[in-house]
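Undergrad: What follows is model.csv, made up of CSV, C-alpha atoms:
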```
chain,number,residue,atom,x,y,z
A,1,MET,CA,12.5,95.2,167.5
A,2,LYS,CA,13.9,98.6,168.3
A,3,PRO,CA,12.0,101.8,167.9
A,4,GLY,CA,13.3,104.0,165.1
A,5,MET,CA,13.8,101.2,162.6
A,6,THR,CA,11.8,101.0,159.5
A,7,LEU,CA,9.2,98.4,158.8
A,8,LEU,CA,11.4,97.1,156.0
A,9,SER,CA,14.3,96.6,158.4
A,10,ALA,CA,12.0,94.9,160.9
A,11,LEU,CA,10.7,92.5,158.2
A,12,GLN,CA,14.3,91.7,157.0
A,13,LYS,CA,15.4,91.1,160.6
A,14,ASN,CA,12.7,88.5,160.9
A,15,ASN,CA,13.5,86.9,157.5
A,16,ILE,CA,10.1,87.9,156.2
A,17,LEU,CA,9.7,88.7,152.5
A,18,PRO,CA,8.1,92.2,152.2
A,19,GLU,CA,6.3,90.9,149.1
A,20,SER,CA,4.6,88.2,151.1
A,21,VAL,CA,2.9,90.3,153.7
A,22,ILE,CA,0.9,93.5,154.3
A,23,ALA,CA,1.5,95.3,157.5
A,24,THR,CA,-1.1,97.2,159.4
A,25,ARG,CA,-0.9,99.5,162.5
A,26,ALA,CA,-4.1,100.4,164.3
A,27,GLY,CA,-6.0,99.0,161.4
A,28,GLU,CA,-4.3,101.1,158.7
A,29,MET,CA,-1.9,99.7,156.1
A,30,ILE,CA,1.7,101.0,156.5
A,31,LEU,CA,4.5,100.9,154.0
A,32,GLU,CA,8.1,99.7,154.1
A,33,ASP,CA,9.5,103.1,154.9
A,34,GLU,CA,7.3,103.6,158.0
A,35,ILE,CA,9.3,104.3,161.1
A,36,LEU,CA,8.3,102.0,164.0
A,37,LYS,CA,7.7,103.7,167.2
A,38,ASP,CA,7.8,102.7,170.8
A,39,GLY,CA,4.8,100.6,171.7
A,40,ASP,CA,3.6,100.1,168.2
A,41,VAL,CA,1.8,96.8,167.5
A,42,ILE,CA,2.3,95.8,163.9
A,43,LYS,CA,0.0,93.1,162.4
A,44,LEU,CA,1.2,91.2,159.4
A,45,ILE,CA,-1.3,89.8,157.0
A,46,ALA,CA,0.0,87.0,154.7
A,47,VAL,CA,-1.0,87.5,151.1
A,48,ILE,CA,-0.2,84.2,149.6
A,49,SER,CA,-3.1,81.8,149.2
A,50,GLY,CA,-4.1,79.0,146.9
A,51,GLY,CA,-2.6,75.6,146.4
A,52,SER,CA,-5.7,73.9,145.0
A,53,CYS,CA,-3.7,71.8,142.5
A,54,HIS,CA,-0.5,69.9,142.0
A,55,CYS,CA,-0.3,69.3,145.7
A,56,GLU,CA,2.5,67.1,146.9
A,57,ARG,CA,4.9,66.9,149.8
A,58,SER,CA,8.1,68.3,148.6
A,59,LYS,CA,11.2,70.2,149.5
A,60,GLY,CA,8.9,73.2,149.0
A,61,ALA,CA,6.8,72.2,151.9
A,62,LYS,CA,9.7,72.7,154.3
A,63,GLN,CA,10.4,76.1,152.9
A,64,HIS,CA,6.8,77.1,153.1
A,65,LEU,CA,6.7,76.0,156.8
A,66,HIS,CA,9.9,77.9,157.4
A,67,LEU,CA,8.5,81.1,156.0
A,68,ARG,CA,5.3,80.7,158.0
A,69,GLN,CA,7.2,80.0,161.1
A,70,ALA,CA,9.1,83.1,160.6
A,71,VAL,CA,5.8,85.0,160.8
A,72,SER,CA,4.0,82.9,163.3
A,73,PRO,CA,5.9,83.2,166.6
A,74,ARG,CA,4.4,85.9,168.8
A,75,ARG,CA,7.3,88.1,169.8
A,76,ALA,CA,7.2,89.7,173.2
A,77,PRO,CA,8.2,93.3,173.2
A,78,GLY,CA,11.5,94.0,174.9
A,79,PRO,CA,12.1,97.0,177.0
A,80,ASN,CA,10.9,100.0,175.0
A,81,GLY,CA,10.4,97.6,172.1
A,82,VAL,CA,8.1,97.4,169.2
A,83,GLN,CA,5.8,94.4,169.1
A,84,VAL,CA,5.5,92.7,165.8
A,85,SER,CA,2.5,90.5,166.1
A,86,PRO,CA,1.4,88.1,163.5
A,87,HIS,CA,-2.2,87.8,162.5
A,88,GLU,CA,-3.8,84.7,163.9
A,89,TRP,CA,-3.8,81.9,161.5
A,90,GLY,CA,-7.4,81.1,162.3
A,91,ILE,CA,-10.6,82.0,160.5
A,92,ALA,CA,-10.8,85.7,161.2
A,93,SER,CA,-11.3,88.9,159.3
A,94,PRO,CA,-8.0,90.7,159.1
A,95,LEU,CA,-9.9,93.9,159.4
A,96,ARG,CA,-11.8,92.8,162.5
A,97,GLY,CA,-8.5,91.5,164.0
A,98,SER,CA,-6.7,94.7,163.5
A,99,GLN,CA,-9.2,97.2,164.7
B,1,MET,CA,5.9,107.8,150.9
B,2,LYS,CA,3.3,110.1,149.3
B,3,CYS,CA,0.4,109.3,147.1
B,4,ARG,CA,1.2,110.2,143.5
B,5,LYS,CA,-2.2,111.6,142.9
B,6,CYS,CA,-2.9,113.8,146.0
B,7,GLY,CA,0.4,113.9,147.9
B,8,GLU,CA,-1.2,112.5,151.1
B,9,LYS,CA,0.4,109.6,152.9
B,10,ALA,CA,0.4,106.5,150.8
B,11,SER,CA,-1.1,103.2,151.9
B,12,VAL,CA,-0.1,101.0,149.0
B,13,HIS,CA,3.2,100.9,147.2
B,14,MET,CA,3.5,99.0,143.9
B,15,ARG,CA,7.2,98.8,143.2
B,16,GLN,CA,6.7,97.2,139.8
B,17,HIS,CA,4.8,100.3,138.7
B,18,LYS,CA,6.9,102.7,140.7
B,19,LEU,CA,3.5,103.9,142.1
B,20,ALA,CA,2.3,104.7,145.6
B,21,LEU,CA,-1.3,105.6,146.3
B,22,CYS,CA,-3.4,106.6,149.3
B,23,LYS,CA,-6.3,104.4,150.3
B,24,GLU,CA,-8.9,106.5,148.5
B,25,HIS,CA,-7.0,106.7,145.2
B,26,TYR,CA,-6.0,103.1,145.4
B,27,LEU,CA,-9.7,102.2,145.6
B,28,GLU,CA,-10.3,104.2,142.5
B,29,TRP,CA,-7.2,102.8,140.7
B,30,VAL,CA,-8.0,99.1,141.0
B,31,PRO,CA,-11.4,99.2,139.3
B,32,GLU,CA,-10.0,101.6,136.6
B,33,GLN,CA,-7.3,99.1,135.8
B,34,THR,CA,-9.7,96.1,135.9
B,35,GLU,CA,-11.9,97.8,133.4
B,36,ARG,CA,-8.8,98.4,131.2
B,37,PHE,CA,-7.9,94.7,131.3
B,38,ILE,CA,-11.4,93.6,130.6
B,39,LYS,CA,-11.4,95.7,127.5
B,40,LYS,CA,-7.8,95.0,126.5
B,41,TYR,CA,-8.4,91.2,126.5
B,42,GLY,CA,-12.0,91.4,125.2
B,43,MET,CA,-13.4,89.6,128.3
B,44,PHE,CA,-17.0,90.7,128.3
B,45,THR,CA,-19.3,93.7,127.8
B,46,HIS,CA,-21.8,95.5,130.0
B,47,GLU,CA,-24.6,93.8,128.1
B,48,GLU,CA,-23.4,90.3,129.0
B,49,LYS,CA,-24.3,88.3,132.1
B,50,ILE,CA,-21.4,87.3,134.3
B,51,LEU,CA,-21.2,84.5,136.8
B,52,VAL,CA,-18.4,85.1,139.3
B,53,ALA,CA,-17.0,82.0,141.0
B,54,VAL,CA,-16.7,83.0,144.7
B,55,SER,CA,-15.0,81.0,147.3
B,56,GLY,CA,-15.1,83.5,150.3
B,57,GLY,CA,-11.5,84.4,149.7
B,58,LYS,CA,-10.0,87.8,149.1
B,59,ASP,CA,-9.6,87.5,145.4
B,60,SER,CA,-13.0,86.3,144.4
B,61,LEU,CA,-14.9,88.5,146.7
B,62,SER,CA,-12.9,91.5,145.6
B,63,LEU,CA,-13.5,90.6,142.0
B,64,TRP,CA,-17.3,90.5,142.6
B,65,ASP,CA,-17.1,93.8,144.4
B,66,ILE,CA,-15.1,95.4,141.6
B,67,LEU,CA,-17.4,94.2,138.8
B,68,VAL,CA,-20.5,95.4,140.6
B,69,ARG,CA,-18.8,98.8,141.3
B,70,LEU,CA,-18.1,99.0,137.5
B,71,GLY,CA,-21.7,98.4,136.8
B,72,TYR,CA,-21.5,94.9,135.3
B,73,GLN,CA,-24.3,92.3,135.7
B,74,ALA,CA,-22.4,90.0,138.0
B,75,ASP,CA,-24.0,87.2,140.0
B,76,GLY,CA,-22.1,84.8,142.3
B,77,LEU,CA,-21.6,81.1,142.4
B,78,TYR,CA,-20.5,79.4,145.6
B,79,LEU,CA,-19.6,75.7,145.6
B,80,GLY,CA,-20.0,73.9,148.9
B,81,LEU,CA,-17.1,71.5,148.9
B,82,GLY,CA,-17.7,69.9,152.3
B,83,ILE,CA,-14.2,70.5,153.6
B,84,ASP,CA,-14.0,70.8,157.4
B,85,GLY,CA,-10.4,70.2,158.3
B,86,GLY,CA,-11.2,70.8,162.0
B,87,ILE,CA,-11.9,74.5,161.3
B,88,ASN,CA,-15.3,74.4,159.6
B,89,TYR,CA,-13.6,75.6,156.5
B,90,SER,CA,-16.4,75.3,154.0
B,91,HIS,CA,-19.1,76.5,156.4
B,92,GLU,CA,-17.1,79.6,157.3
B,93,SER,CA,-16.3,80.5,153.7
B,94,GLN,CA,-19.9,80.0,152.7
B,95,ARG,CA,-21.0,82.2,155.6
B,96,LEU,CA,-18.7,85.0,154.6
B,97,THR,CA,-19.8,84.7,151.0
B,98,GLU,CA,-23.5,84.9,151.9
B,99,GLU,CA,-22.8,87.8,154.2
B,100,PHE,CA,-21.1,89.7,151.4
B,101,ALA,CA,-24.0,88.9,149.0
B,102,ASP,CA,-26.6,90.0,151.5
B,103,GLU,CA,-24.8,93.3,152.4
B,104,HIS,CA,-24.5,94.2,148.7
B,105,ASN,CA,-27.9,92.9,147.7
B,106,LEU,CA,-26.4,90.5,145.2
B,107,LYS,CA,-27.6,87.3,143.7
B,108,LEU,CA,-25.7,84.2,144.9
B,109,HIS,CA,-26.2,80.6,143.7
B,110,ILE,CA,-25.1,78.0,146.1
B,111,VAL,CA,-24.3,74.5,144.9
B,112,ASP,CA,-23.5,71.8,147.5
B,113,ILE,CA,-21.4,69.0,146.1
B,114,GLU,CA,-22.6,66.5,148.7
B,115,ASN,CA,-26.2,67.3,147.9
B,116,GLU,CA,-25.6,67.0,144.2
B,117,TYR,CA,-23.3,63.9,144.2
B,118,GLY,CA,-23.9,62.2,147.5
B,119,GLN,CA,-20.5,62.8,149.1
B,120,PRO,CA,-18.3,65.8,150.0
B,121,ILE,CA,-15.0,66.4,148.1
B,122,PRO,CA,-12.7,64.6,150.6
B,123,VAL,CA,-14.9,61.5,150.5
B,124,LEU,CA,-15.2,61.6,146.7
B,125,SER,CA,-11.4,61.8,146.6
B,126,GLU,CA,-11.0,58.8,148.8
B,127,MET,CA,-13.5,56.7,147.0
B,128,SER,CA,-12.1,57.6,143.6
B,129,HIS,CA,-8.4,57.0,144.6
B,130,ARG,CA,-7.4,60.1,142.7
B,131,GLY,CA,-4.8,62.7,143.9
B,132,HIS,CA,-2.3,60.6,145.9
B,133,GLY,CA,-4.1,60.9,149.2
B,134,LYS,CA,-5.0,64.6,148.8
B,135,PRO,CA,-8.4,65.8,147.5
B,136,CYS,CA,-7.0,68.7,145.5
B,137,ALA,CA,-7.2,66.9,142.1
B,138,VAL,CA,-10.8,65.9,142.7
B,139,CYS,CA,-11.6,69.3,144.1
B,140,GLY,CA,-10.2,71.1,141.0
B,141,LEU,CA,-11.9,68.7,138.7
B,142,ALA,CA,-15.3,69.1,140.4
B,143,LYS,CA,-15.0,72.9,140.6
B,144,ARG,CA,-14.2,73.2,136.9
B,145,HIS,CA,-17.1,70.8,136.0
B,146,GLU,CA,-19.6,72.4,138.2
B,147,MET,CA,-18.7,76.0,137.4
B,148,ASN,CA,-19.1,75.2,133.7
B,149,ARG,CA,-22.3,73.3,134.2
B,150,ILE,CA,-24.0,76.1,136.2
B,151,ALA,CA,-22.8,78.8,133.9
B,152,ARG,CA,-24.3,77.0,130.9
B,153,ASP,CA,-27.5,75.8,132.7
B,154,LEU,CA,-28.3,79.2,134.0
B,155,GLY,CA,-27.6,81.0,130.7
B,156,TYR,CA,-24.6,83.1,131.7
B,157,ASP,CA,-22.4,84.5,129.0
B,158,VAL,CA,-19.2,84.2,130.8
B,159,LEU,CA,-17.6,82.7,134.0
B,160,ALA,CA,-15.2,85.0,135.9
B,161,THR,CA,-12.7,83.7,138.4
B,162,GLY,CA,-10.5,85.7,140.8
B,163,HIS,CA,-7.1,84.4,139.6
B,164,ASN,CA,-4.5,87.1,140.2
B,165,LEU,CA,-1.0,87.5,138.7
B,166,ASP,CA,0.7,85.5,141.3
B,167,ASP,CA,-1.7,82.6,140.6
B,168,GLU,CA,-1.0,82.9,136.9
B,169,ALA,CA,2.8,83.3,137.3
B,170,ALA,CA,3.0,80.3,139.6
B,171,VAL,CA,1.1,78.1,137.1
B,172,LEU,CA,3.3,79.5,134.3
B,173,PHE,CA,6.4,78.8,136.3
B,174,GLY,CA,5.4,75.2,137.0
B,175,ASN,CA,4.4,74.6,133.4
B,176,THR,CA,7.7,76.1,132.2
B,177,LEU,CA,9.8,74.0,134.5
B,178,SER,CA,8.2,70.9,133.1
B,179,TRP,CA,7.8,72.3,129.5
B,180,SER,CA,4.1,71.4,129.5
B,181,SER,CA,3.6,72.9,126.1
B,182,GLU,CA,-0.1,72.0,125.9
B,183,TYR,CA,-0.9,73.8,129.1
B,184,LEU,CA,1.4,76.7,128.2
B,185,LEU,CA,-0.5,77.3,124.9
B,186,ARG,CA,-3.8,77.3,126.7
B,187,GLN,CA,-3.0,79.7,129.6
B,188,GLY,CA,-4.3,83.2,129.3
B,189,PRO,CA,-6.7,85.8,130.6
B,190,VAL,CA,-9.5,84.5,128.4
B,191,LEU,CA,-10.5,80.9,127.5
B,192,SER,CA,-12.9,81.3,124.6
B,193,GLU,CA,-16.2,79.4,124.7
B,194,SER,CA,-16.3,76.3,122.6
B,195,ALA,CA,-18.8,73.4,122.2
B,196,GLY,CA,-20.1,72.7,125.7
B,197,LEU,CA,-17.6,75.0,127.5
B,198,ALA,CA,-18.5,78.5,128.8
B,199,ARG,CA,-16.1,81.4,128.2
B,200,LYS,CA,-13.8,81.8,131.2
B,201,VAL,CA,-12.1,85.0,132.1
B,202,LYS,CA,-9.6,86.2,134.7
B,203,PRO,CA,-10.1,90.0,135.1
B,204,LEU,CA,-7.6,90.2,138.0
B,205,CYS,CA,-4.8,88.4,136.2
B,206,ARG,CA,-2.6,91.5,136.2
B,207,PHE,CA,-2.8,92.4,139.8
B,208,TYR,CA,-0.3,91.1,142.3
B,209,GLU,CA,-1.8,89.0,145.1
B,210,ARG,CA,-0.5,91.6,147.5
B,211,GLU,CA,-2.5,94.2,145.7
B,212,MET,CA,-5.7,92.2,146.0
B,213,THR,CA,-5.2,91.7,149.7
B,214,ALA,CA,-4.7,95.5,150.0
B,215,TYR,CA,-7.9,96.1,148.0
B,216,ALA,CA,-9.9,93.7,150.3
B,217,LEU,CA,-8.5,95.4,153.4
B,218,ALA,CA,-9.1,98.9,152.1
B,219,ARG,CA,-12.7,98.0,151.1
B,220,GLY,CA,-13.4,96.3,154.4
B,221,ILE,CA,-14.3,93.0,152.7
B,222,GLU,CA,-14.4,90.2,155.3
B,223,TYR,CA,-12.9,87.2,153.6
B,224,ILE,CA,-11.8,83.8,154.8
B,225,TYR,CA,-8.2,84.3,156.0
B,226,GLU,CA,-7.6,80.6,156.8
B,227,GLU,CA,-6.0,78.6,154.1
B,228,CYS,CA,-7.8,75.4,152.8
B,229,PRO,CA,-6.7,72.7,155.3
B,230,PHE,CA,-5.4,70.7,152.3
B,231,ALA,CA,-3.3,73.5,150.8
B,232,GLY,CA,-0.2,72.9,153.0
B,233,GLY,CA,2.8,72.0,151.1
B,234,SER,CA,1.3,72.7,147.7
B,235,GLN,CA,3.6,73.3,144.8
B,236,SER,CA,1.8,76.4,143.7
B,237,ILE,CA,2.4,78.1,147.1
B,238,TYR,CA,6.0,77.1,146.9
B,239,TYR,CA,6.3,78.6,143.4
B,240,LYS,CA,4.7,81.8,144.7
B,241,GLU,CA,7.2,82.1,147.4
B,242,LEU,CA,10.1,81.5,145.0
B,243,LEU,CA,8.7,84.2,142.7
B,244,ASN,CA,8.3,86.6,145.6
B,245,GLN,CA,12.0,86.1,146.5
B,246,LEU,CA,12.8,87.1,142.9
B,247,GLU,CA,10.4,90.0,143.1
B,248,THR,CA,12.0,91.3,146.2
B,249,THR,CA,15.3,91.8,144.5
B,250,ARG,CA,14.0,92.5,141.0
B,251,PRO,CA,10.7,94.5,141.3
B,252,GLY,CA,8.5,93.7,138.3
B,253,ALA,CA,10.0,90.3,137.7
B,254,LYS,CA,6.6,88.5,138.1
B,255,LEU,CA,4.8,91.0,135.9
B,256,THR,CA,7.4,90.8,133.2
B,257,PHE,CA,7.5,87.0,133.3
B,258,TYR,CA,3.7,86.8,132.8
B,259,LEU,CA,3.3,89.6,130.3
B,260,ARG,CA,6.2,88.5,128.1
B,261,PHE,CA,4.7,85.1,128.0
B,262,LEU,CA,1.3,86.5,126.9
B,263,GLU,CA,3.0,88.5,124.2
B,264,ALA,CA,5.0,85.5,122.9
B,265,ARG,CA,1.8,83.4,123.0
B,266,LYS,CA,-0.1,86.0,121.0
B,267,ARG,CA,2.6,86.3,118.4
B,268,GLY,CA,2.7,82.6,118.1
B,269,ASP,CA,6.3,82.5,119.1
B,270,LEU,CA,5.9,79.6,121.6
B,271,PHE,CA,7.3,76.3,120.5
B,272,ILE,CA,7.8,77.3,116.9
B,273,GLU,CA,11.3,76.8,115.5
B,274,HIS,CA,12.0,79.9,113.6
B,275,ASN,CA,15.7,79.4,113.1
B,276,VAL,CA,16.0,83.1,112.3
B,277,GLU,CA,19.7,83.3,113.1
B,278,GLN,CA,20.5,80.5,110.7
B,279,ALA,CA,18.5,82.2,108.0
B,280,HIS,CA,20.6,85.4,108.3
B,281,MET,CA,24.0,83.7,108.7
B,282,HIS,CA,26.7,84.5,106.2
B,283,PRO,CA,30.5,83.9,106.2
B,284,CYS,CA,32.6,86.6,107.8
B,285,PRO,CA,34.6,88.3,105.1
B,286,LYS,CA,37.7,88.1,107.2
B,287,CYS,CA,37.8,84.7,108.8
B,288,GLY,CA,35.1,82.8,106.9
B,289,GLN,CA,33.2,81.6,109.9
B,290,PRO,CA,29.4,82.0,109.9
B,291,THR,CA,28.1,85.2,111.5
B,292,SER,CA,24.8,87.0,111.8
B,293,ALA,CA,26.5,90.4,112.1
B,294,PRO,CA,26.1,92.7,109.1
B,295,ASP,CA,29.7,92.6,108.0
B,296,LYS,CA,32.7,91.0,109.8
B,297,CYS,CA,32.0,88.6,112.8
B,298,SER,CA,32.1,89.9,116.3
B,299,PHE,CA,35.4,88.2,117.0
B,300,CYS,CA,37.2,89.8,114.0
B,301,ARG,CA,35.8,93.2,114.9
B,302,MET,CA,37.0,92.8,118.5
B,303,ILE,CA,40.4,91.8,117.3
B,304,GLU,CA,40.5,94.8,115.0
B,305,ARG,CA,39.6,97.1,117.9
B,306,VAL,CA,42.4,95.8,120.1
B,307,SER,CA,45.0,95.5,117.5
B,308,PRO,CA,47.5,98.4,117.0
B,309,ALA,CA,46.9,100.3,113.9
B,310,PRO,CA,49.2,99.0,111.1
B,311,ALA,CA,52.3,100.9,110.7
B,312,ALA,CA,52.4,103.0,107.5
B,313,VAL,CA,54.4,101.4,104.8
B,314,PRO,CA,57.3,103.6,104.2
B,315,GLY,CA,56.8,105.2,100.9
B,316,GLY,CA,53.7,103.2,100.4
B,317,ASP,CA,51.9,106.0,98.8
B,318,ASP,CA,54.4,106.0,96.0
B,319,VAL,CA,54.1,102.3,95.3
B,320,SER,CA,52.0,101.8,92.2
```
Would you write the structure of this file as structure tokens?

TA:
Amino acid sequence: MKPGMTLLSALQKNNILPESVIATRAGEMILEDEILKDGDVIKLIAVISGGSCHCERSKGAKQHLHLRQAVSPRRAPGPNGVQVSPHEWGIASPLRGSQ
Amino acid sequence: MKCRKCGEKASVHMRQHKLALCKEHYLEWVPEQTERFIKKYGMFTHEEKILVAVSGGKDSLSLWDILVRLGYQADGLYLGLGIDGGINYSHESQRLTEEFADEHNLKLHIVDIENEYGQPIPVLSEMSHRGHGKPCAVCGLAKRHEMNRIARDLGYDVLATGHNLDDEAAVLFGNTLSWSSEYLLRQGPVLSESAGLARKVKPLCRFYEREMTAYALARGIEYIYEECPFAGGSQSIYYKELLNQLETTRPGAKLTFYLRFLEARKRGDLFIEHNVEQAHMHPCPKCGQPTSAPDKCSFCRMIERVSPAPAAVPGGDDVS
């Protein structure tokens, strides 16, 4: 990620649907028009949950995995880059994790 | 982006409402809206006792938090499902639920499925051979049964669940794809009580899942972030993702989808063959084909519009 780009651009570049995540920086929620700065660490919190019924392995499962994979890889910051870090997919409080 | 109410920096942007709010005003807005929906759909009153089904997730804990903030008599019910999945899923969700109840000095009922019925959900599922190798069908069945049983046994007036708009839209989408008319006719924010069945309500049914996540974060609610280990590949999550793709390009699409459905259901328009067009059909006075337009049919009017005006008949005025 390059400094100066908006959060929306960063999400789009990573094929992440803005509707499916909330982004935080230093524990505070930020919006799509936020300009990302050098050294920023952005945490993405997935908002989709559920799936307690009608479960089956389907074409959808692949897409679901694909979307999560788009979020999951931890991206190392490049020179002067912005680090977009996913929230750990473990049992953790998003608040605790982002503070 | 600025908060519409105070002009400070906004923390939440709801594109479907064209509304951005700062954290402080968002935390006021959510309970206000919840109260509005409770009244609009006649869910319950301040005099009634509410049992909130809490799972340790963001939606149910937020719902409990909101109802208490609004001054309702709301107790919690946690069902111990006995799901481990290598991540202590049930234990962690119970711990977070108990912590929330303790911190807010709230009454929490805990029912453990294994204690009640001898086996945890995954084993009950295996033994009963239901659900094609996944325990979700048995889990849903057990939860519905137990929530209703506890609500009735303990004398609660109403059972509240944390279903949000994305949950409802995903169910609606699935039932529409399969034209499951019976399910479609039953879906709504309130399921009235009937013989043996407690009233069930969904006070968060008009909030996007994203909004509920934002509420939980802004309120500092610690919820179980990990998904149920059996949820992977579920159809409802897939539908939610599809609907979010639609929402990204058409803000408000999910809300409209759900609200228009509720309106149609309320009017009794679902699955009733009105044949309104046929009733208003009449022959076009020019071509004779049936039309619902007030006078000539659309085709004849279009042709008239594109046709050159008829040349005046020389001396026509004099013809008599």

Undergrad: For B:Ile113, find every residue with an atom within 9 Å (counting only C-alpha atoms), except residues of its own chain fewer than 4 positions away, and show them as a PyMOL selection string.

TA: chain B and resi 79-82+117-121+142+146

Undergrad: Could you work out which residues of chain B fall inside 6 Å of chain A? Count all atoms listed in the file, and format the result as a list in words.

TA: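 Applying the cut-off to the listed atoms yields Ser11, Cys136, Arg210, Glu222, Tyr225, Glu226, Ala231, Gly233, Ser234, Gln235, Ser236, Ile237, Tyr238 and Asn244 of chain B.
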
Undergrad: Restrict the selected residues to C-alpha atoms and save them as a short mmCIF file (atom, residue, chain, number, x, y, z; two decimals), in the frame of the given file.

TA:
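Saved to part.cif:
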```
data_model
loop_
_atom_site.label_atom_id
_atom_site.label_comp_id
_atom_site.auth_asym_id
_atom_site.auth_seq_id
_atom_site.Cartn_x
_atom_site.Cartn_y
_atom_site.Cartn_z
CA SER B 11 -1.10 103.20 151.90
CA CYS B 136 -7.00 68.70 145.50
CA ARG B 210 -0.50 91.60 147.50
CA GLU B 222 -14.40 90.20 155.30
CA TYR B 225 -8.20 84.30 156.00
CA GLU B 226 -7.60 80.60 156.80
CA ALA B 231 -3.30 73.50 150.80
CA GLY B 233 2.80 72.00 151.10
CA SER B 234 1.30 72.70 147.70
CA GLN B 235 3.60 73.30 144.80
CA SER B 236 1.80 76.40 143.70
CA ILE B 237 2.40 78.10 147.10
CA TYR B 238 6.00 77.10 146.90
CA ASN B 244 8.30 86.60 145.60
#
```

Undergrad: When distances are computed from all atoms listed in the file, which of B:Arg219, B:Arg15, B:Arg4, B:His145 shows the smallest separation from B:Glu247?

TA: B:Arg15

Undergrad: Report, in Å with one decimal, the straight-line distance from atom CA of B:Gly162 to atom CA of B:Ala10.

TA: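 Taking atom CA of B:Gly162 and atom CA of B:Ala10, their separation equals 25.5 Å.
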
Undergrad: Residues at most 10 Å from B:Leu19, counting only C-alpha atoms, excluding those fewer than 3 positions away in the same chain, as a PyMOL selection string?

TA: chain B and resi 1-5+10+12-16

Undergrad: Provide the atom CA of B:Cys139 to atom CA of B:Phe261 distance in Å, to one decimal place.

TA: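 Atom CA of B:Phe261 lies 27.8 Å from atom CA of B:Cys139.
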
Undergrad: Between atom CA of B:Thr97 and atom CA of B:Leu21, measure the distance and give it in Å to one decimal.

TA: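 Going from atom CA of B:Thr97 over to atom CA of B:Leu21 covers 28.3 Å.
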
Undergrad: Select all residues near (-13.9, 89.2, 126.9) (cut-off 12 Å, inclusive, file coordinates), counting only C-alpha atoms, and output them as a PyMOL selection string.

TA: chain B and resi 35-50+157-160+188-193+198-203

Undergrad: Would you mind telling me which residue in B:Asp295, B:Glu168, B:Glu304, B:Glu227 lies nearest to B:Gly56 when using only C-alpha atoms?

TA: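 Smallest separation from B:Gly56 among the options: B:Glu227.
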